[in-house]
file query-v4.txt (compact mmCIF, C-alpha atoms)
# COMPACT_ATOMS: atom_id res chain seq x y z
CA MET N 43 66.15 38.74 55.18
CA ARG N 44 64.22 41.88 54.23
CA THR N 45 64.72 43.57 50.87
CA ILE N 46 64.49 46.97 52.57
CA ASP N 47 64.46 48.07 56.20
CA TRP N 48 65.36 50.89 58.59
CA VAL N 49 68.38 49.96 60.70
CA ASP N 50 70.17 52.24 63.18
CA GLY N 51 69.25 55.54 61.56
CA ALA N 52 69.56 54.61 57.87
CA VAL N 53 67.87 52.58 55.14
CA GLU N 54 69.36 49.20 54.33
CA ILE N 55 68.59 47.43 51.07
CA ILE N 56 69.69 44.31 49.24
CA ASP N 57 71.43 45.79 46.20
CA GLN N 58 69.58 44.02 43.41
CA THR N 59 71.97 45.24 40.71
CA LEU N 60 74.64 42.89 42.11
CA LEU N 61 72.57 39.69 42.12
CA PRO N 62 72.94 36.85 41.46
CA GLY N 63 76.71 37.14 41.63
CA LYS N 64 76.86 38.93 44.96
CA LEU N 65 74.46 39.34 47.88
CA GLU N 66 75.29 42.70 49.44
CA ILE N 67 73.48 44.86 51.97
CA ARG N 68 73.78 48.52 50.98
CA ARG N 69 73.40 51.21 53.63
CA ILE N 70 71.75 54.48 52.54
CA GLY N 71 71.88 57.60 54.68
CA THR N 72 70.58 60.40 52.44
CA VAL N 73 67.62 61.12 50.20
CA GLU N 74 69.92 61.54 47.22
CA GLU N 75 71.45 58.10 47.75
CA LEU N 76 68.02 56.52 48.03
CA VAL N 77 66.74 58.20 44.87
CA GLU N 78 69.79 56.95 42.99
CA ALA N 79 69.15 53.44 44.30
CA ILE N 80 65.53 53.62 43.13
CA ARG N 81 66.43 54.91 39.67
CA SER N 82 69.23 52.39 39.17
CA LEU N 83 66.90 49.55 40.29
CA ALA N 84 69.08 48.64 43.25
CA VAL N 85 65.74 48.60 45.05
CA ARG N 86 62.70 47.81 42.92
CA GLY N 87 59.34 46.04 42.86
CA ALA N 88 56.06 47.81 43.55
CA PRO N 89 55.61 46.85 47.25
CA ALA N 90 59.28 47.48 48.08
CA LEU N 91 59.12 50.83 46.29
CA GLY N 92 56.20 51.89 48.46
CA VAL N 93 58.27 51.16 51.55
CA ALA N 94 61.26 52.93 49.96
CA GLY N 95 59.10 56.00 49.40
CA ALA N 96 58.07 56.03 53.05
CA TYR N 97 61.62 55.58 54.31
CA GLY N 98 62.74 58.27 51.87
CA VAL N 99 60.47 60.72 53.64
CA ALA N 100 61.95 59.61 56.96
CA LEU N 101 65.43 60.33 55.57
CA ALA N 102 64.19 63.73 54.38
CA ALA N 103 62.82 64.52 57.83
CA LYS N 104 66.09 63.47 59.43
CA GLN N 105 68.20 65.56 57.02
CA HIS N 106 66.03 68.64 56.62
CA GLY N 107 63.57 68.70 59.49
CA ASP N 108 64.61 72.24 60.41
CA ASP N 109 64.40 73.62 56.85
CA PRO N 110 60.83 73.47 55.45
CA GLU N 111 61.77 74.38 51.88
CA ARG N 112 64.55 71.79 51.60
CA LEU N 113 62.29 69.24 53.27
CA ARG N 114 59.54 69.81 50.68
CA SER N 115 62.09 69.54 47.88
CA ALA N 116 63.51 66.28 49.26
CA VAL N 117 60.06 64.73 49.62
CA ARG N 118 59.22 65.74 46.04
CA LEU N 119 62.47 64.15 44.85
CA VAL N 120 61.56 60.85 46.47
CA THR N 121 57.95 60.92 45.28
CA THR N 122 58.90 61.42 41.64
CA ALA N 123 62.00 59.18 41.45
CA ARG N 124 60.16 56.78 39.11
CA PRO N 125 56.80 57.62 37.53
CA THR N 126 54.95 54.41 36.67
CA ALA N 127 54.58 52.38 39.87
CA VAL N 128 51.87 53.95 42.03
CA ASN N 129 53.30 52.50 45.26
CA LEU N 130 56.34 54.78 45.38
CA ALA N 131 54.41 58.04 45.38
CA ARG N 132 51.64 56.61 47.54
CA GLY N 133 54.06 55.39 50.21
CA ALA N 134 55.91 58.70 50.26
CA GLN N 135 52.73 60.77 50.42
CA ARG N 136 51.31 58.72 53.27
CA ALA N 137 54.48 59.14 55.33
CA ALA N 138 54.70 62.83 54.42
CA ALA N 139 51.26 63.39 55.93
CA ARG N 140 52.90 62.70 59.32
CA LEU N 141 55.63 65.33 58.90
CA PRO N 142 53.85 67.93 61.11
CA GLU N 143 54.16 65.42 63.98
CA GLY N 144 57.93 65.11 63.60
CA PHE N 145 60.50 62.52 62.58
CA ASP N 146 59.42 59.79 65.01
CA ALA N 147 55.86 59.84 63.64
CA VAL N 148 57.13 59.62 60.06
CA LEU N 149 59.40 56.69 60.86
CA ALA N 150 56.59 54.93 62.72
CA ASP N 151 54.37 55.23 59.65
CA ALA N 152 57.14 53.95 57.37
CA ASP N 153 57.69 50.95 59.65
CA ALA N 154 53.93 50.33 59.61
CA GLN N 155 53.94 50.34 55.80
CA ARG N 156 56.79 47.82 55.81
CA ASP N 157 54.88 45.53 58.16
CA GLU N 158 51.68 45.89 56.13
CA GLU N 159 53.48 44.78 52.98
CA ILE N 160 54.93 41.76 54.80
CA ALA N 161 51.43 40.76 55.93
CA ALA N 162 50.05 41.40 52.44
CA SER N 163 52.57 38.98 50.93
CA ALA N 164 51.40 36.19 53.20
CA ALA N 165 47.74 36.83 52.38
CA MET N 166 48.37 36.97 48.61
CA ALA N 167 50.30 33.71 48.71
CA THR N 168 47.37 31.87 50.26
CA ARG N 169 44.68 33.42 48.06
CA GLY N 170 46.70 33.04 44.89
CA ALA N 171 47.63 29.42 45.54
CA ASP N 172 44.00 28.58 46.27
CA LEU N 173 42.91 30.26 43.03
CA LEU N 174 45.54 28.53 40.88
CA THR N 175 44.52 25.17 42.31
CA GLU N 176 40.89 25.98 41.52
CA LEU N 177 41.64 27.13 37.98
CA CYS N 178 44.20 24.50 37.02
CA GLY N 179 43.94 21.63 39.49
CA GLY N 180 46.85 19.29 40.15
CA ALA N 181 50.28 20.84 39.99
CA PRO N 182 50.14 23.70 37.47
CA ARG N 183 53.08 24.53 35.24
CA VAL N 184 53.47 28.28 35.69
CA LEU N 185 55.12 30.96 33.60
CA THR N 186 56.08 34.12 35.46
CA HIS N 187 57.61 37.40 34.31
CA CYS N 188 60.00 39.94 35.83
CA ASN N 189 60.71 39.49 39.56
CA THR N 190 57.87 39.32 42.05
CA GLY N 191 59.45 37.55 44.99
CA ALA N 192 60.86 38.70 48.29
CA LEU N 193 63.25 41.02 46.46
CA ALA N 194 60.27 42.99 45.16
CA ALA N 195 58.17 42.94 48.31
CA VAL N 196 60.28 43.16 51.51
CA VAL N 197 59.70 39.45 52.21
CA GLY N 198 57.49 36.81 50.62
CA GLY N 199 56.46 38.35 47.33
CA THR N 200 53.43 38.74 45.10
CA ALA N 201 53.22 36.31 42.15
CA LEU N 202 56.39 34.50 43.18
CA GLY N 203 54.97 34.26 46.68
CA VAL N 204 52.08 32.29 45.16
CA VAL N 205 54.58 30.04 43.37
CA ALA N 206 56.43 29.48 46.64
CA GLU N 207 53.21 28.62 48.46
CA LEU N 208 52.23 26.07 45.80
CA HIS N 209 55.72 24.58 46.13
CA ARG N 210 55.32 24.35 49.91
CA ARG N 211 52.02 22.52 49.37
CA GLY N 212 53.64 20.07 46.95
CA ALA N 213 51.25 21.33 44.28
CA LEU N 214 53.53 23.00 41.74
CA GLY N 215 54.76 21.82 38.38
CA PRO N 216 57.89 23.10 36.63
CA VAL N 217 58.17 26.90 36.41
CA ILE N 218 59.24 29.01 33.43
CA ALA N 219 60.80 32.37 34.31
CA SER N 220 60.97 34.72 31.36
CA GLU N 221 64.29 36.55 31.27
CA THR N 222 62.61 39.99 31.28
CA ARG N 223 64.36 42.64 29.26
CA PRO N 224 66.09 45.01 29.52
CA LEU N 225 67.86 44.20 32.79
CA LEU N 226 67.08 40.47 32.97
CA GLN N 227 65.21 40.68 36.24
CA GLY N 228 63.73 37.26 35.55
CA ALA N 229 66.98 35.59 34.53
CA ARG N 230 68.96 37.23 37.34
CA LEU N 231 66.57 37.75 40.24
CA THR N 232 63.67 35.35 39.80
CA ALA N 233 66.02 32.53 38.83
CA TRP N 234 68.09 33.26 41.94
CA GLU N 235 65.01 33.20 44.19
CA LEU N 236 63.63 30.02 42.59
CA GLY N 237 67.00 28.41 43.16
CA GLN N 238 66.90 29.44 46.81
CA LEU N 239 63.44 27.83 47.06
CA ASP N 240 64.65 24.64 45.32
CA VAL N 241 61.90 24.96 42.69
CA ASP N 242 62.19 23.09 39.38
CA PHE N 243 62.47 25.87 36.78
CA ARG N 244 63.81 26.97 33.42
CA VAL N 245 64.61 30.46 32.13
CA ALA N 246 63.12 31.34 28.74
CA VAL N 247 63.78 34.31 26.49
CA ASP N 248 60.83 36.72 26.62
CA GLY N 249 59.74 36.09 23.04
CA ALA N 250 59.46 32.34 23.66
CA GLY N 251 56.67 32.63 26.23
CA PRO N 252 53.65 32.69 23.90
CA PHE N 253 55.07 29.84 21.80
CA LEU N 254 55.69 27.70 24.89
CA MET N 255 52.05 28.31 25.83
CA ALA N 256 50.90 27.34 22.34
CA ARG N 257 52.99 24.17 22.57
CA GLY N 258 51.12 23.16 25.73
CA GLU N 259 54.01 23.63 28.19
CA VAL N 260 52.30 26.22 30.42
CA ASP N 261 49.09 25.87 32.45
CA ALA N 262 48.89 29.45 33.77
CA VAL N 263 50.66 32.80 33.60
CA VAL N 264 51.11 34.35 37.06
CA LEU N 265 52.79 37.73 37.43
CA GLY N 266 52.65 41.03 39.29
CA ALA N 267 51.75 44.63 38.55
CA ASP N 268 53.12 48.08 39.25
CA ARG N 269 49.70 49.71 38.88
CA ILE N 270 46.16 48.35 38.56
CA CYS N 271 43.77 50.88 37.04
CA ALA N 272 40.10 51.41 37.86
CA ASN N 273 38.93 49.47 34.80
CA GLY N 274 41.24 46.51 35.54
CA ASP N 275 44.00 47.39 33.08
CA THR N 276 47.33 46.36 34.57
CA VAL N 277 50.72 47.99 34.13
CA ASN N 278 53.71 45.70 34.52
CA LYS N 279 57.23 45.12 33.23
CA VAL N 280 57.44 45.29 29.44
CA GLY N 281 56.72 41.91 27.87
CA THR N 282 53.65 41.26 30.01
CA TYR N 283 51.23 42.21 27.23
CA ALA N 284 52.72 39.62 24.88
CA HIS N 285 52.33 36.94 27.55
CA ALA N 286 48.69 37.97 28.04
CA LEU N 287 48.01 37.63 24.32
CA GLY N 288 49.70 34.25 24.31
CA ALA N 289 47.65 33.08 27.28
CA ARG N 290 44.40 34.14 25.66
CA ARG N 291 45.28 32.33 22.43
CA ALA N 292 46.28 29.19 24.37
CA GLY N 293 43.16 29.34 26.55
CA ILE N 294 45.02 29.37 29.87
CA PRO N 295 44.52 31.63 32.92
CA PHE N 296 46.37 34.93 33.13
CA VAL N 297 46.50 35.93 36.80
CA VAL N 298 47.86 39.18 38.24
CA VAL N 299 48.97 39.19 41.90
CA ALA N 300 49.54 42.55 43.60
CA PRO N 301 48.70 44.17 46.94
CA GLU N 302 45.79 46.56 47.40
CA SER N 303 48.40 49.31 47.64
CA THR N 304 48.95 48.83 43.88
CA VAL N 305 45.26 49.36 43.02
CA ASP N 306 44.81 52.90 41.72
CA THR N 307 41.14 53.71 41.28
CA ASP N 308 42.05 57.35 40.60
CA THR N 309 43.53 56.26 37.25
CA ALA N 310 40.76 55.29 34.85
CA SER N 311 42.74 53.08 32.48
CA GLY N 312 46.21 52.15 31.30
CA ALA N 313 46.04 54.91 28.71
CA ASP N 314 46.32 57.43 31.56
CA VAL N 315 49.55 56.00 33.02
CA GLU N 316 52.93 57.59 32.35
CA ILE N 317 55.16 54.79 31.07
CA GLU N 318 58.80 55.14 32.05
CA ASP N 319 61.24 55.08 29.14
CA ARG N 320 64.74 54.10 30.19
CA ASP N 321 68.13 54.70 28.62
CA GLY N 322 68.50 52.69 25.42
CA ALA N 323 72.05 51.79 26.43
CA GLU N 324 70.52 49.32 28.88
CA VAL N 325 69.47 47.31 25.81
CA ILE N 326 72.28 47.87 23.33
CA ALA N 327 75.10 50.39 23.06
CA GLY N 328 75.87 52.55 20.07
CA VAL N 329 72.53 52.48 18.24
CA PRO N 330 69.10 54.01 18.96
CA ALA N 331 66.87 51.74 21.06
CA ALA N 332 63.28 51.80 22.25
CA ASN N 333 63.31 50.91 25.93
CA PRO N 334 59.93 51.27 27.67
CA ALA N 335 60.20 49.80 31.15
CA PHE N 336 56.53 48.80 31.31
CA ASP N 337 53.55 47.96 29.14
CA VAL N 338 49.78 47.91 29.64
CA THR N 339 47.69 44.73 29.59
CA PRO N 340 44.02 45.47 28.79
CA HIS N 341 41.59 44.21 31.41
CA ASP N 342 39.79 41.90 28.98
CA LEU N 343 42.93 39.74 28.79
CA VAL N 344 43.14 39.31 32.58
CA THR N 345 41.48 36.28 34.16
CA ALA N 346 41.78 37.45 37.75
CA ILE N 347 43.53 39.89 40.04
CA VAL N 348 44.60 38.60 43.45
CA THR N 349 45.28 41.10 46.23
CA ASP N 350 45.85 40.67 49.95
CA ARG N 351 42.15 41.41 50.53
CA ARG N 352 40.23 39.85 47.64
CA VAL N 353 40.14 37.93 44.37
CA ILE N 354 38.73 39.95 41.48
CA ARG N 355 37.48 37.62 38.72
CA LEU N 356 37.51 39.87 35.68
CA ASP N 357 36.57 36.90 33.53
CA ARG N 358 33.28 36.75 35.45
CA GLY N 359 32.58 40.46 35.33
CA ASP N 360 33.93 41.53 38.72
CA HIS N 361 34.96 45.16 39.06
CA VAL N 362 38.08 46.61 40.66
call {"tool": "encode", "arguments": {"input": "query-v4.txt", "output": "structure tokens"}}
result
Amino acid sequence: MRTIDWVDGAVEIIDQTLLPGKLEIRRIGTVEELVEAIRSLAVRGAPALGVAGAYGVALAAKQHGDDPERLRSAVRLVTTARPTAVNLARGAQRAAARLPEGFDAVLADADAQRDEEIAASAAMATRGADLLTELCGGAPRVLTHCNTGALAAVVGGTALGVVAELHRRGALGPVIASETRPLLQGARLTAWELGQLDVDFRVAVDGAGPFLMARGEVDAVVLGADRICANGDTVNKVGTYAHALGARRAGIPFVVVAPESTVDTDTASGADVEIEDRDGAEVIAGVPAANPAFDVTPHDLVTAIVTDRRVIRLDRGDHV
């Protein structure tokens, strides 16, 4: 089952806000509906957002192909629906470059982006599993953060795709999925996917991660990214930085898995990335709350970055 796809003239998504209690396919026929789905996190995850951006442009072309001004406005709405993940804007802009050729060309490009992300997931799974075996040997006990499985990447996944591949090889120890505030994407989504895969796992509160590493219960941290900057800084769901600090203190690998479409060499460092701040009511109602959706992990805390094309060993001085 694909997280997002184009079916009979509309976008279909798995509504991730309803999981794990309910698996529902949501059909989206307008740009406005898609933007709402992106902002509410009904569809989320860097690779899936890139595909959503492309299909958003296809919806815009279908709705407003005969009105250039409304078409430009609709494309802009899709491109800017969420600011931090580079994939969304990049996917939309790539598809928008085909607008002069008409709707069919835009849809063909969006479908191509979908297929590229599916292929990227398979390549990352193999490279990442090989690297984890090299770094840790045996059957590593992995901690992962947020949700980086098929739900985030059409099918397969990024970091969770690596976990699944190790499991298929019989070379995976128990997994710890951090709950991932504020919307519990680890406790809700990653736990659901690990259950579907029949992986041995536990959910841990976010703040427990570094202590579990210090106590010797984790062999490697493996997670995704929403943007990888030119200097190797990585932007990911808030809580990632704390896990990176814990991994460094414990002396265990900290591995980021993300497709090449997430690498943004036009952004020099994490300091240049706009970090999305979400409504504090997602955390707690009735009092002021700080609710950044992402944080920045400095490149010197990252052991390696695995993409669908290469392994970048930052610990050995490789460059993005």
call {"tool": "closest_residue", "arguments": {"input": "query-v4.txt", "among": "N:Ala161, N:Val197, N:Ala346, N:Ala103", "to": "N:Ala139", "atoms": "all atoms listed in the file"}}
result
N:Ala103
call {"tool": "closest_residue", "arguments": {"input": "query-v4.txt", "among": "N:Asp360, N:Asp47, N:Asp314, N:Glu78", "to": "N:Ala195", "atoms": "all atoms listed in the file"}}
result
N:Asp47
call {"tool": "closest_residue", "arguments": {"input": "query-v4.txt", "among": "N:Val263, N:Ile56, N:Leu287, N:Val148", "to": "N:Leu174", "atoms": "only C-alpha atoms"}}
result
N:Val263
call {"tool": "atom_distance", "arguments": {"input": "query-v4.txt", "atom1": "atom CA of N:Asp146", "atom2": "atom CA of N:Ala100"}}
result
8.4 Å
call {"tool": "atom_distance", "arguments": {"input": "query-v4.txt", "atom1": "atom CA of N:Leu225", "atom2": "atom CA of N:Thr200"}}
result
19.7 Å
call {"tool": "closest_atom_pairs", "arguments": {"input": "query-v4.txt", "of": "stretch 242-284 of chain N", "to": "stretch 305-312 of chain N", "cutoff": "6 Å", "atoms": "all atoms listed in the file", "output": "JSON lines"}}
result
{"residue": "N:Ile270", "atom": "CA", "partner": "N:Val305", "partner_atom": "CA", "distance": 4.7}
{"residue": "N:Cys271", "atom": "CA", "partner": "N:Ser311", "partner_atom": "CA", "distance": 5.2}
{"residue": "N:Ala272", "atom": "CA", "partner": "N:Thr307", "partner_atom": "CA", "distance": 4.3}
{"residue": "N:Asn273", "atom": "CA", "partner": "N:Ser311", "partner_atom": "CA", "distance": 5.7}
{"residue": "N:Asp275", "atom": "CA", "partner": "N:Gly312", "partner_atom": "CA", "distance": 5.5}
call {"tool": "closest_residue", "arguments": {"input": "query-v4.txt", "among": "N:Trp234, N:Phe296, N:Phe243, N:Phe336", "to": "N:Gly63", "atoms": "only C-alpha atoms"}}
result
N:Trp234
call {"tool": "residues_around", "arguments": {"input": "query-v4.txt", "residues": "N:Ile160", "least_positions_apart": "3", "cutoff": "7 Å", "atoms": "only C-alpha atoms", "output": "PyMOL selection string"}}
result
chain N and resi 156-157+163-164+196-198
call {"tool": "residues_around", "arguments": {"input": "query-v4.txt", "residues": "N:Ala331", "least_positions_apart": "3", "cutoff": "12 Å", "atoms": "all atoms listed in the file", "output": "PyMOL selection string"}}
result
chain N and resi 224+319-328+334
call {"tool": "residues_around", "arguments": {"input": "query-v4.txt", "residues": "stretch 64-72 of chain N", "least_positions_apart": "3", "cutoff": "7 Å", "atoms": "all atoms listed in the file", "output": "PyMOL selection string"}}
result
chain N and resi 52-57+60-61+75-76+101
call {"tool": "closest_residue", "arguments": {"input": "query-v4.txt", "among": "N:Ala181, N:Ala165, N:Ala90, N:Leu173", "to": "N:Gly203", "atoms": "only C-alpha atoms"}}
result
N:Ala165
call {"tool": "closest_residue", "arguments": {"input": "query-v4.txt", "among": "N:Arg132, N:Arg230, N:Arg124, N:Arg169", "to": "N:Ala201", "atoms": "all atoms listed in the file"}}
result
N:Arg169
call {"tool": "residues_around", "arguments": {"input": "query-v4.txt", "residues": "N:Met255", "least_positions_apart": "5", "cutoff": "7 Å", "atoms": "all atoms listed in the file", "output": "mmCIF file with C-alpha atoms, keeping the file's coordinate frame"}}
result
data_model
loop_
_atom_site.group_PDB
_atom_site.id
_atom_site.type_symbol
_atom_site.label_atom_id
_atom_site.label_comp_id
_atom_site.auth_asym_id
_atom_site.auth_seq_id
_atom_site.Cartn_x
_atom_site.Cartn_y
_atom_site.Cartn_z
ATOM 1 C CA VAL N 260 52.300 26.220 30.420
ATOM 2 C CA GLY N 288 49.700 34.250 24.310
ATOM 3 C CA ALA N 289 47.650 33.080 27.280
ATOM 4 C CA ALA N 292 46.280 29.190 24.370
#
call {"tool": "axis_aligned_box", "arguments": {"input": "query-v4.txt", "around": "stretch 161-180 of chain N", "padding_each_side": "3 Å", "output": "lines of an AutoDock Vina configuration file"}}
result
center_x = 46.7
center_y = 30.3
center_z = 46.5
size_x = 17.7
size_y = 28.1
size_z = 24.9
call {"tool": "residues_around", "arguments": {"input": "query-v4.txt", "residues": "N:Val93", "least_positions_apart": "4", "cutoff": "9 Å", "atoms": "all atoms listed in the file", "output": "short mmCIF file (atom, residue, chain, number, x, y, z; two decimals) with C-alpha atoms, keeping the file's coordinate frame"}}
result
data_model
loop_
_atom_site.label_atom_id
_atom_site.label_comp_id
_atom_site.auth_asym_id
_atom_site.auth_seq_id
_atom_site.Cartn_x
_atom_site.Cartn_y
_atom_site.Cartn_z
CA ILE N 46 64.49 46.97 52.57
CA ASP N 47 64.46 48.07 56.20
CA ALA N 88 56.06 47.81 43.55
CA PRO N 89 55.61 46.85 47.25
CA TYR N 97 61.62 55.58 54.31
CA GLY N 98 62.74 58.27 51.87
CA ASN N 129 53.30 52.50 45.26
CA LEU N 130 56.34 54.78 45.38
CA GLY N 133 54.06 55.39 50.21
CA ALA N 134 55.91 58.70 50.26
CA ALA N 152 57.14 53.95 57.37
CA ASP N 153 57.69 50.95 59.65
CA GLN N 155 53.94 50.34 55.80
CA ARG N 156 56.79 47.82 55.81
CA GLU N 159 53.48 44.78 52.98
CA ALA N 195 58.17 42.94 48.31
CA VAL N 196 60.28 43.16 51.51
#
call {"tool": "atom_distance", "arguments": {"input": "query-v4.txt", "atom1": "atom CA of N:Ala262", "atom2": "atom CA of N:His361"}}
result
21.7 Å
call {"tool": "residues_near_point", "arguments": {"input": "query-v4.txt", "point": "(54.3, 39.0, 41.5)", "cutoff": "6 Å", "atoms": "only C-alpha atoms", "output": "PDB file with C-alpha atoms, in the frame of the given file"}}
result
ATOM      1  CA  THR N 190      57.870  39.320  42.050  1.00  0.00           C
ATOM      2  CA  THR N 200      53.430  38.740  45.100  1.00  0.00           C
ATOM      3  CA  ALA N 201      53.220  36.310  42.150  1.00  0.00           C
ATOM      4  CA  LEU N 202      56.390  34.500  43.180  1.00  0.00           C
ATOM      5  CA  LEU N 265      52.790  37.730  37.430  1.00  0.00           C
ATOM      6  CA  GLY N 266      52.650  41.030  39.290  1.00  0.00           C
ATOM      7  CA  VAL N 299      48.970  39.190  41.900  1.00  0.00           C
TER       8      VAL N 299
END
call {"tool": "build_atoms", "arguments": {"input": "query-v4.txt", "residues": "stretch 236-244 of chain N", "atoms": "all heavy atoms", "output": "mmCIF file, in the coordinates of the input"}}
result
data_model
loop_
_atom_site.group_PDB
_atom_site.id
_atom_site.type_symbol
_atom_site.label_atom_id
_atom_site.label_comp_id
_atom_site.auth_asym_id
_atom_site.auth_seq_id
_atom_site.Cartn_x
_atom_site.Cartn_y
_atom_site.Cartn_z
ATOM 1 N N LEU N 236 64.134 31.385 42.787
ATOM 2 C CA LEU N 236 63.630 30.020 42.590
ATOM 3 C C LEU N 236 64.678 28.991 42.990
ATOM 4 O O LEU N 236 64.348 27.942 43.554
ATOM 5 C CB LEU N 236 63.223 29.833 41.122
ATOM 6 C CG LEU N 236 61.951 30.574 40.686
ATOM 7 C CD1 LEU N 236 61.787 30.495 39.176
ATOM 8 C CD2 LEU N 236 60.715 30.009 41.390
ATOM 9 N N GLY N 237 65.933 29.296 42.719
ATOM 10 C CA GLY N 237 67.000 28.410 43.160
ATOM 11 C C GLY N 237 67.073 28.314 44.669
ATOM 12 O O GLY N 237 67.282 27.223 45.224
ATOM 13 N N GLN N 238 66.901 29.444 45.342
ATOM 14 C CA GLN N 238 66.900 29.440 46.810
ATOM 15 C C GLN N 238 65.753 28.594 47.356
ATOM 16 O O GLN N 238 65.874 27.970 48.412
ATOM 17 C CB GLN N 238 66.771 30.878 47.326
ATOM 18 C CG GLN N 238 67.932 31.805 46.972
ATOM 19 C CD GLN N 238 69.200 31.450 47.706
ATOM 20 O OE1 GLN N 238 69.207 31.324 48.915
ATOM 21 N NE2 GLN N 238 70.282 31.281 46.951
ATOM 22 N N LEU N 239 64.620 28.589 46.628
ATOM 23 C CA LEU N 239 63.440 27.830 47.060
ATOM 24 C C LEU N 239 63.506 26.360 46.643
ATOM 25 O O LEU N 239 62.647 25.580 47.027
ATOM 26 C CB LEU N 239 62.178 28.466 46.465
ATOM 27 C CG LEU N 239 61.811 29.855 46.978
ATOM 28 C CD1 LEU N 239 60.734 30.483 46.087
ATOM 29 C CD2 LEU N 239 61.313 29.781 48.426
ATOM 30 N N ASP N 240 64.505 25.997 45.831
ATOM 31 C CA ASP N 240 64.650 24.640 45.320
ATOM 32 C C ASP N 240 63.459 24.241 44.445
ATOM 33 O O ASP N 240 62.967 23.113 44.483
ATOM 34 C CB ASP N 240 64.818 23.632 46.456
ATOM 35 C CG ASP N 240 65.414 22.305 45.983
ATOM 36 O OD1 ASP N 240 66.131 22.300 44.960
ATOM 37 O OD2 ASP N 240 65.129 21.271 46.612
ATOM 38 N N VAL N 241 62.986 25.198 43.634
ATOM 39 C CA VAL N 241 61.900 24.960 42.690
ATOM 40 C C VAL N 241 62.479 24.492 41.362
ATOM 41 O O VAL N 241 63.511 24.989 40.909
ATOM 42 C CB VAL N 241 61.067 26.248 42.496
ATOM 43 C CG1 VAL N 241 60.119 26.123 41.318
ATOM 44 C CG2 VAL N 241 60.299 26.573 43.772
ATOM 45 N N ASP N 242 61.810 23.554 40.713
ATOM 46 C CA ASP N 242 62.190 23.090 39.380
ATOM 47 C C ASP N 242 61.801 24.180 38.369
ATOM 48 O O ASP N 242 60.617 24.491 38.213
ATOM 49 C CB ASP N 242 61.444 21.789 39.075
ATOM 50 C CG ASP N 242 61.759 21.226 37.698
ATOM 51 O OD1 ASP N 242 62.738 21.684 37.061
ATOM 52 O OD2 ASP N 242 61.014 20.333 37.252
ATOM 53 N N PHE N 243 62.792 24.771 37.690
ATOM 54 C CA PHE N 243 62.470 25.870 36.780
ATOM 55 C C PHE N 243 63.419 25.896 35.596
ATOM 56 O O PHE N 243 64.491 25.288 35.603
ATOM 57 C CB PHE N 243 62.536 27.212 37.519
ATOM 58 C CG PHE N 243 63.935 27.716 37.779
ATOM 59 C CD1 PHE N 243 64.537 28.621 36.913
ATOM 60 C CD2 PHE N 243 64.663 27.284 38.891
ATOM 61 C CE1 PHE N 243 65.827 29.081 37.136
ATOM 62 C CE2 PHE N 243 65.952 27.735 39.121
ATOM 63 C CZ PHE N 243 66.537 28.640 38.245
ATOM 64 N N ARG N 244 62.994 26.631 34.567
ATOM 65 C CA ARG N 244 63.810 26.970 33.420
ATOM 66 C C ARG N 244 63.658 28.457 33.148
ATOM 67 O O ARG N 244 62.586 29.029 33.394
ATOM 68 C CB ARG N 244 63.370 26.219 32.158
ATOM 69 C CG ARG N 244 63.542 24.719 32.185
ATOM 70 C CD ARG N 244 62.991 24.100 30.910
ATOM 71 N NE ARG N 244 61.545 24.207 30.860
ATOM 72 C CZ ARG N 244 60.826 24.103 29.736
ATOM 73 N NH1 ARG N 244 61.433 23.918 28.573
ATOM 74 N NH2 ARG N 244 59.519 24.184 29.771
#
